[in-house]
Structure formats: C-alpha cells, structure tokens
Amino acid sequence: MSKHTVSRRAFLMGSAALSGAGLVRAANIKTRLWPGNRNDVQCGIIGYGPQGRDITATLARVPGAQVAAICDTYGPMLRRAQRDAPEATRHEDYREILDNPDIQAIIVATPTHLHRDIAVNALQAGKNVYCEAPMASSIEDAKAIARAARDATGQIFQVGQTYRSNPQHRSVFQFMRSGAIGKPAMARGQWHAKESWRRASPSADRVRELNWRLDPAITTGLIGEAALLQMDVAYWVLGELPASVHGFGQIMAWDDGREVPDTIQAIFEFPSGLHMMFDATLASSFDEAYEAYYGSDSTILFRDRGKAWMFKEVDAPMLGWEVYARTDRFYKETGIALLANATQLDAQNVDPTEDDPNVETPLWYALQEFMDNHAFGPYPPAANWERGLEAAAVAITANQAIMERAQRDIDPASYTLG
Amino acid sequence: MQTVRMALNAMATRFELLLHGDDAVLLRGAGEEALAEIKRLEQQLSFYDPTSEISQLNANASKEPVRVTPRLYSLLRKAAEIHNETHGAFDVTVGPLMRCWGFVRGRGTWPEEHERKEALTKTGMDKVVLNDAERTVAFRQPGMALDLGAIGKGYAIEEAGMFLREGGITSALLHGGTSTMLAIGTPPQNTDGWPIGISDPLDDSQMLTSTSIRDEALSVSAPRGKGFQKDGKMWGHVIDPRKGYPVQGATLSAVAHPSAMICDAISTALLAMRREDGKQVQQKFHGMRTLCVYDDTGAADLVSLEFHSTHPTNQ
C-alpha cells in the first residue's frame, strides 16, 4: 500500500462527510459500539517487551482499537503475546505486518535504537504510527523519523510522550502558565528506583540484545529511558527548550562491569536563565519520581503520573478558590491539590480526598487520542514528530554530557528539521 | 553457586524470592522481571485501588457489559470453573459479604440479619455473565463486586514463576506472605525439593507437619489471623459464599499442586467445606495433595490426602 492510498476507513469517513456533517457524527458514534466492531482500528504492535505488553493490555480497553498483529524476534515474548491477545496474529518479521493492507496503525515498542527503520518503513507503507519515546537514540535517526512523519501527509504520527495527552497534566499546565507560581526561580526533578536494569535469558545472544539499555553505544541512559517523560513536561510547562546541559554520572550500586551510570545528575540551562536540576538513580527508590517548579509565590509539585499540589508562600496573593480546595500534608508543608476535574467529582459525590475512580493512565489517554485521530483526523497530535524530535535531542545531548561528565550546548538545529 | 534474595511489598503482603544459580547478575535480572509482573498484576487486580481494572469492572458491570483484557477474562473463566468444581465454596463475588461482615477494611463485626441477607442476594458466580465472544463481564444484580483476594496472589505467583523460567531460572522459591509459594527445581543441597514447614493453626510456635515441594506450588489457608470473638467463638475473615457466614469447615488447609493459582483458590474453598466434600474436590484436580485440620469433633483431626509429609503426622 503506498502512502498516498486512502485507507478504506478514511474513504468511508470521507464519503459520509459528503452527505453532511450529521452523518459523520453518526458514523463515529457507531464505530464506538465496541467490542469487536468491524470498524475498529486494526493495530500491529512491533516489539513485545514490557512496553509492548503494557500497550496491548491498554488497547484492549481503549474504544475503537483492535490489536490484530504482534511482532517480536524472541519466542517467549510471542508466547506471552498469544496469552495477552489470543486473536492477534504473531510474527517474527515486522515487514509481514507492514505488508498486511488491513493493518492501519503500527505501534513501535522495540528498543529505542531499532525505532528508525520500523517507523520510517511503516510510514512509507502508508500506516499511521505511534512510536514509543524516546523516538530515537541518535539525532540522525530522530531526524530521519521526523522527516518521514512530516512528509507523510494524511497519516498520523504520534510519539509516546504520554503526559502531553494526560488531562491531569493539561489542567496543571494551565495553572503554571497562568503565573500561579509567581516569578519562576528554578525547577528540579527526580526518578528513583532500586533495580539493576539487567535482563536475563537462557541464551547469551539474547542477553546481549535484551540489555540494550546498558550498551553505551546505543542507550540514551537514565535521562532518556527513565526521565524522558518528566523532562518533556518540564520544558512544556516552562515554555522554553533547554540551551545547554551539564551532566554527571556514577556507578554507585551495580558495579557488575557496566559502563552506563546507575546514578546521574543533569543541570539544564534555559534561555530565560532558569535552571533545572534532574537526578536519577537505580540505587535507591526513596521518594520515587516527581518534578517541582519553584517560584516567588508558590511551588508546584507533580507526582504519580500527573497528580499535583501547590505549596503557597505565606506572602503570596490569595487566589480565591484555594480555600475550598482539598489539602494534603507533606510533613510540615500543606499542599493544595490541583485536581483536573474537582467540580465533576463533586457532582458525582466522590469525596475529593479519594482518588478519582474515573481516571485512566497517561498511556490510556495517549492511545485514546491516537485512536480518536483515526476517527476524526488526521490532525497533529499533542505529541507530534516535532515534540518527539525535541525530546530526543534533549535526551541524547544530556546523555552525552553525562557520559563525558561535561557541559554541552544543545545545538538549536537539533530541535528542528530546519 | 550464587544466591540472590529479593523482596517486594504488593497485594497487602510481602513477597520474597530466593534464587540459586551461576550468575548473580542474571539471577537478579530475572527476579526483577518476575517481581515487576507481580506489581503490574496488583495494579490490575486490586480491589482497593479505584483505578485498577477490577475496580472499574466493579463500578460498571451492573450497568452494562464491561470488556476486559484477555488475561483478566481467562482468569475470571478459571475462577468460574473452580467455583463449579467446588460447588460454590470458592466464589470471587464475596465482595458484598466481606463488606457486610466488616472485613474489607476492618477486623469484622456481626452484621444485622437483613444486611447479611441482602449481601447474599448480591453474591454468586451464577449472577456473573461471562461472554466469551465479546470478552465482556456483566452482573445480574446491582451492587455486586468481584474480589480476587482468594486467587490473585496465587495467580500472580504463577505468572511470575513463568517469567522466572523464561529467564533461565532453574532453582527458586517464591512466596507471598508465606501463605502461597512456588518452587522451581530444587535447592542446591537438597535434591528432594524445598522443605516447607506448616505451623499449627492453634499454636504458631508448634510445627504441625512439613513436606517438600519441587516444581510445585503450595498454599496454606486458615480463617484465623483476622477476625473477631463472639459468644466465645472466633469468627474469621473467610466467608462461606453459599451461607453468608464465616466458614465453619477446616481450621487449616494446605494444598499442593503445580498451579499456584489453583492452590490458592482450593485452599480457601476447603475452609468452607466438610471433610467428605473436600476429598471429592481433591480428586478432581490431577496431582493435587491436600492436608486439612478439622476441629468439629472437639479435638484437632488432621486429614491428609496424598500429602507426603517428611515426618509422620502424629495427632
């Protein structure tokens, strides 16, 4: 199928549009009568590691999606695929999935350094593509994917920077942009876990392949493979891309012959003069992951995939609404919870101190956006190729700075296709 | 030979994993993947986490059929099968009864009779509609709730065990809260298997018996531990889903079988069954060994079916 071929679905949608906008609505509503609707978007998952499995399990609950084919090069992963998605066909060569004209969407969930060929070939085969983040492990690869996505007019390309589609993040984004923290002072973030990042297999070749995250030639390290989504939020809410990064990396816990640091610190400099410090470690799980934005009036803390609290300075102006808001204690500090749909919860008689029962994971919202784009689009998704290229450039340059224990400017040309 | 020990807090209990092999780095790698799978299943199956798949199912399945992931669907199918095999003694719809008896977040209280009767109307796997073609789950009654507490831990251990084997592990013991465990191979110094002691349900300091397991799971259940006293009697946190009262069958049950999920479910069901029924159930599962303690005669009576102890049971 050439990329210019109009898919059967797009054609049907187009003909409905000709007969009036009302019919388009009706058609869309009908396609949402899942499961098993023939209009479900037929998806091919390429790469069946933890992320591929997570995506498959999530798609099973996203309206309008059908996992129709799964590819992995390793037998045990395909056996897992059979249990997780019994109706999907299984393949060791992803080209078989690209050759299948019934497959409309390709989800690329392989190791990062393998994204390029698959994503570019999928786009050239006319497929809509959801590519996991980081988009690539080299600027050159990231640009090749971005170029293919830009040139694939009429096709969807979304990158897995899931917080961009998360209603909770979007809601807090508004607080940040409305100046609620006052004059920004600095930002910091962390990603902490206690795990070795080692993967095991009875086959030595397979062990090498599985441990791509620890291969200095192809990995983007902790800053790319663990911290990327959080960093993506940082420059999104700050409204500017970092200009340079100073990196440090150490092996503190897992001295097993690895060269890739298990503990890192990176300080990002933004054009406005603001600095953000990020640290990540595989040695300690203390306090897990969060980001904090410090300002003259308040500090906003993000954690748990989009929960957020505001900590006001005592001399900060009253905002009004905060007297009604739910608060949580953090040792001696009091955080005002920033909830995406506080009034909705109130209407449903859900106690605001409980977790929202309607909330889905950021991955669910991202995949829902991808599926909705098939029905209503194509339009540029929140995490489009430009966002993917920016995130890849930040992660790749920061990882280089960490590996070299040096300061590196981020080439502005790496952020765009020019 | 190297040994790696790992632990995880999940499903309101502590999982521990002991691995033996040649390369500690790879042992840990395989162990981390297995424990991560348990964590993932906790997020999917938790009755208490409102964002879990099971909570969303509970919230909506009375209103409309809810489509679930293939693996949760096959787990519920399995739960329905075990429900049939045990003539209803095992039932994942006990949620409303557990709530009515105050066992969901507390130690339990005696409910009003009308509350108990009402909870009973919302209980029963026969009121759950499983649609294979659509892969949906629906409740026939409002207010029903699936609680996978009596099978989830065993299921998670079984899945984790599969990950360990795929990772090349040939000698490991994995347990959740010491009540359900899975043995892969044998420990380095003991070719019979992993020795497991079972403590006396009436006196924790005493060992009731011991056995060994090899490429096999073992689950021990007892209603005591969490419960309350009334009229000089202990009422434990395991409810007989058919009667709506805390179980009055075995005071302890131990089940060994290749499947950790089946061990977990059957050991719970045996607590709600009389000794003759327990025997029938054991015969339905190939390769199952059971051990039950009954005190219905006034004295502890230990009934062992194919349960090969490493020392004679002296009762």
# chains A, B, ... in the order shown; residues from 1 in each chain; ligands from 1
$ residues_around --residues "range 159-167 of chain A" --least-positions-apart "4" --cutoff "10 Å" --atoms "only C-alpha atoms" --output "ChimeraX atom specification"
/A:107-109,129-135,171-173,228-230,232-233,236,305-306,339-341,359-370,381-389,391
$ select_by_dssp --residues "range 253-393 of chain A" --states "strand (DSSP E or B)" --output "short mmCIF file (atom, residue, chain, number, x, y, z; two decimals) with N, CA and C atoms, in the first residue's frame"
data_model
loop_
_atom_site.label_atom_id
_atom_site.label_comp_id
_atom_site.auth_asym_id
_atom_site.auth_seq_id
_atom_site.Cartn_x
_atom_site.Cartn_y
_atom_site.Cartn_z
N THR A 263 23.59 6.10 38.37
CA THR A 263 23.18 7.29 39.12
C THR A 263 23.66 8.51 38.33
N ILE A 264 22.74 9.44 38.08
CA ILE A 264 23.12 10.60 37.25
C ILE A 264 22.56 11.89 37.85
N GLN A 265 23.22 13.00 37.51
CA GLN A 265 22.68 14.33 37.78
C GLN A 265 22.87 15.15 36.51
N ALA A 266 21.85 15.92 36.17
CA ALA A 266 21.97 16.79 35.00
C ALA A 266 21.39 18.14 35.35
N ILE A 267 22.10 19.19 34.97
CA ILE A 267 21.58 20.55 35.20
C ILE A 267 21.34 21.18 33.83
N PHE A 268 20.08 21.52 33.60
CA PHE A 268 19.70 22.11 32.31
C PHE A 268 19.61 23.63 32.47
N GLU A 269 20.17 24.34 31.49
CA GLU A 269 20.05 25.80 31.48
C GLU A 269 19.06 26.19 30.40
N HIS A 275 17.29 27.45 35.72
CA HIS A 275 17.99 26.17 35.69
C HIS A 275 17.07 25.08 36.22
N MET A 276 17.21 23.90 35.66
CA MET A 276 16.51 22.73 36.19
C MET A 276 17.54 21.65 36.50
N MET A 277 17.42 21.10 37.69
CA MET A 277 18.32 20.01 38.08
C MET A 277 17.53 18.71 38.10
N PHE A 278 18.05 17.69 37.45
CA PHE A 278 17.38 16.39 37.44
C PHE A 278 18.35 15.34 37.94
N ASP A 279 17.90 14.49 38.85
CA ASP A 279 18.74 13.36 39.23
C ASP A 279 17.95 12.08 39.10
N ALA A 280 18.66 11.02 38.75
CA ALA A 280 18.03 9.72 38.58
C ALA A 280 18.98 8.66 39.11
N THR A 281 18.42 7.64 39.72
CA THR A 281 19.27 6.58 40.24
C THR A 281 18.57 5.23 40.23
N ALA A 283 19.86 3.08 42.42
CA ALA A 283 20.40 2.60 43.68
C ALA A 283 19.43 2.75 44.84
N ALA A 289 9.45 9.29 41.93
CA ALA A 289 9.63 10.27 40.86
C ALA A 289 8.73 11.48 41.07
N TYR A 290 9.27 12.66 40.85
CA TYR A 290 8.45 13.88 40.86
C TYR A 290 9.21 15.02 40.20
N GLU A 291 8.50 16.09 39.92
CA GLU A 291 9.12 17.33 39.47
C GLU A 291 8.54 18.46 40.30
N ALA A 292 9.36 19.46 40.59
CA ALA A 292 8.89 20.61 41.35
C ALA A 292 9.33 21.88 40.63
N TYR A 293 8.42 22.85 40.58
CA TYR A 293 8.69 24.14 39.95
C TYR A 293 8.57 25.20 41.03
N TYR A 294 9.68 25.85 41.34
CA TYR A 294 9.75 26.79 42.44
C TYR A 294 9.60 28.21 41.92
N GLY A 295 8.69 28.98 42.56
CA GLY A 295 8.52 30.37 42.15
C GLY A 295 8.37 31.27 43.35
N SER A 298 4.70 30.49 44.81
CA SER A 298 4.39 29.12 45.23
C SER A 298 5.28 28.14 44.49
N THR A 299 5.23 26.90 44.97
CA THR A 299 5.91 25.80 44.31
C THR A 299 4.86 24.80 43.88
N ILE A 300 4.98 24.31 42.67
CA ILE A 300 4.04 23.28 42.20
C ILE A 300 4.81 21.97 42.06
N LEU A 301 4.21 20.92 42.65
CA LEU A 301 4.84 19.61 42.66
C LEU A 301 3.98 18.64 41.85
N PHE A 302 4.61 17.98 40.90
CA PHE A 302 3.93 16.93 40.12
C PHE A 302 4.43 15.58 40.61
N ARG A 303 3.51 14.63 40.82
CA ARG A 303 3.99 13.26 41.03
C ARG A 303 2.89 12.26 40.72
N LYS A 307 -0.56 13.74 39.30
CA LYS A 307 -1.12 14.39 40.47
C LYS A 307 -0.27 15.62 40.75
N ALA A 308 -0.89 16.66 41.28
CA ALA A 308 -0.11 17.88 41.51
C ALA A 308 -0.62 18.61 42.74
N TRP A 309 0.29 19.29 43.40
CA TRP A 309 -0.03 20.11 44.57
C TRP A 309 0.67 21.45 44.45
N MET A 310 0.03 22.46 45.04
CA MET A 310 0.63 23.78 45.08
C MET A 310 0.95 24.13 46.54
N PHE A 311 2.17 24.59 46.77
CA PHE A 311 2.59 25.00 48.12
C PHE A 311 2.81 26.51 48.08
N LYS A 312 1.92 27.24 48.74
CA LYS A 312 1.98 28.71 48.63
C LYS A 312 2.96 29.31 49.63
N THR A 327 -6.65 19.75 50.69
CA THR A 327 -5.23 19.90 51.00
C THR A 327 -4.67 18.59 51.53
N ASP A 328 -3.40 18.39 51.29
CA ASP A 328 -2.69 17.21 51.82
C ASP A 328 -1.47 17.68 52.59
N ARG A 329 -1.18 16.98 53.69
CA ARG A 329 0.00 17.35 54.48
C ARG A 329 1.23 16.62 53.96
N PHE A 330 2.33 17.35 53.82
CA PHE A 330 3.63 16.76 53.48
C PHE A 330 4.59 17.20 54.58
N GLU A 333 4.68 20.91 55.49
CA GLU A 333 4.09 21.71 54.43
C GLU A 333 2.65 21.27 54.16
N THR A 334 1.85 22.20 53.67
CA THR A 334 0.49 21.85 53.25
C THR A 334 0.36 22.08 51.76
N GLY A 335 0.00 21.03 51.06
CA GLY A 335 -0.14 21.14 49.61
C GLY A 335 -1.61 21.27 49.23
N ILE A 336 -1.90 22.21 48.35
CA ILE A 336 -3.26 22.36 47.82
C ILE A 336 -3.34 21.49 46.57
N ALA A 337 -4.24 20.49 46.60
CA ALA A 337 -4.31 19.56 45.48
C ALA A 337 -4.86 20.26 44.25
#
$ residues_around --residues "range 242-248 of chain B" --least-positions-apart "4" --cutoff "8 Å" --atoms "only C-alpha atoms" --output "JSON, numbers by chain"
{"B": [88, 89, 97, 116, 117, 119, 120, 124, 223, 235, 236, 237, 238, 271, 272, 273]}
$ write_last_selection --atoms "N, CA and C atoms" --output "compact mmCIF listing (two decimals), in the first residue's frame"
# COMPACT_ATOMS: atom_id res chain seq x y z
N GLY B 88 -19.50 -24.12 44.57
CA GLY B 88 -19.79 -22.78 45.09
C GLY B 88 -19.01 -22.39 46.34
N ALA B 89 -18.17 -23.29 46.85
CA ALA B 89 -17.41 -22.93 48.06
C ALA B 89 -16.34 -21.88 47.74
N LEU B 97 -20.43 -9.53 50.73
CA LEU B 97 -20.46 -10.23 52.03
C LEU B 97 -19.29 -9.80 52.91
N ARG B 116 -27.07 -9.08 56.09
CA ARG B 116 -26.44 -10.31 55.63
C ARG B 116 -27.24 -10.91 54.47
N LYS B 117 -28.58 -10.89 54.64
CA LYS B 117 -29.44 -11.46 53.59
C LYS B 117 -29.33 -10.66 52.30
N ALA B 119 -26.73 -8.86 51.34
CA ALA B 119 -25.41 -9.11 50.74
C ALA B 119 -25.43 -10.45 50.01
N LEU B 120 -26.16 -11.42 50.57
CA LEU B 120 -26.23 -12.75 49.96
C LEU B 120 -26.90 -12.69 48.58
N GLY B 124 -22.66 -14.60 44.26
CA GLY B 124 -22.86 -15.82 43.47
C GLY B 124 -22.30 -15.68 42.08
N PRO B 223 -8.72 -19.52 58.60
CA PRO B 223 -9.60 -18.37 58.82
C PRO B 223 -9.13 -17.48 59.96
N TRP B 235 -14.65 -15.84 64.95
CA TRP B 235 -15.23 -15.74 63.61
C TRP B 235 -14.18 -15.12 62.68
N GLY B 236 -13.63 -15.92 61.79
CA GLY B 236 -12.51 -15.48 60.95
C GLY B 236 -12.97 -14.79 59.67
N HIS B 237 -11.99 -14.28 58.93
CA HIS B 237 -12.29 -13.40 57.79
C HIS B 237 -12.58 -14.14 56.49
N VAL B 238 -12.73 -15.46 56.53
CA VAL B 238 -13.10 -16.17 55.30
C VAL B 238 -14.59 -16.49 55.36
N LEU B 271 -11.76 -24.44 53.35
CA LEU B 271 -12.15 -23.92 54.67
C LEU B 271 -13.66 -23.88 54.81
N ALA B 272 -14.36 -23.84 53.67
CA ALA B 272 -15.82 -23.75 53.71
C ALA B 272 -16.48 -25.12 53.47
N MET B 273 -15.67 -26.18 53.42
CA MET B 273 -16.23 -27.48 53.04
C MET B 273 -16.11 -28.50 54.16
$ select_by_dssp --residues "range 205-308 of chain A" --states "helix (DSSP H, G or I)" --output "list of chain:residue names"
A:Asp205, A:Arg206, A:Val207, A:Arg208, A:Glu209, A:Leu210, A:Trp212, A:Arg213, A:Leu214, A:Gly221, A:Leu222, A:Ile223, A:Gly224, A:Glu225, A:Leu228, A:Leu229, A:Gln230, A:Met231, A:Asp232, A:Val233, A:Ala234, A:Tyr235, A:Trp236, A:Val237, A:Leu238
$ interface_residues --of "chain B" --to "chain A" --cutoff "8 Å" --atoms "only C-alpha atoms" --output "PyMOL selection string"
chain B and resi 25-30+32-33+50-51+56+67-71+134+166-168
$ atom_distance --atom1 "CA of Gly377 in chain A" --atom2 "CA of Val67 in chain A"
20.1 Å
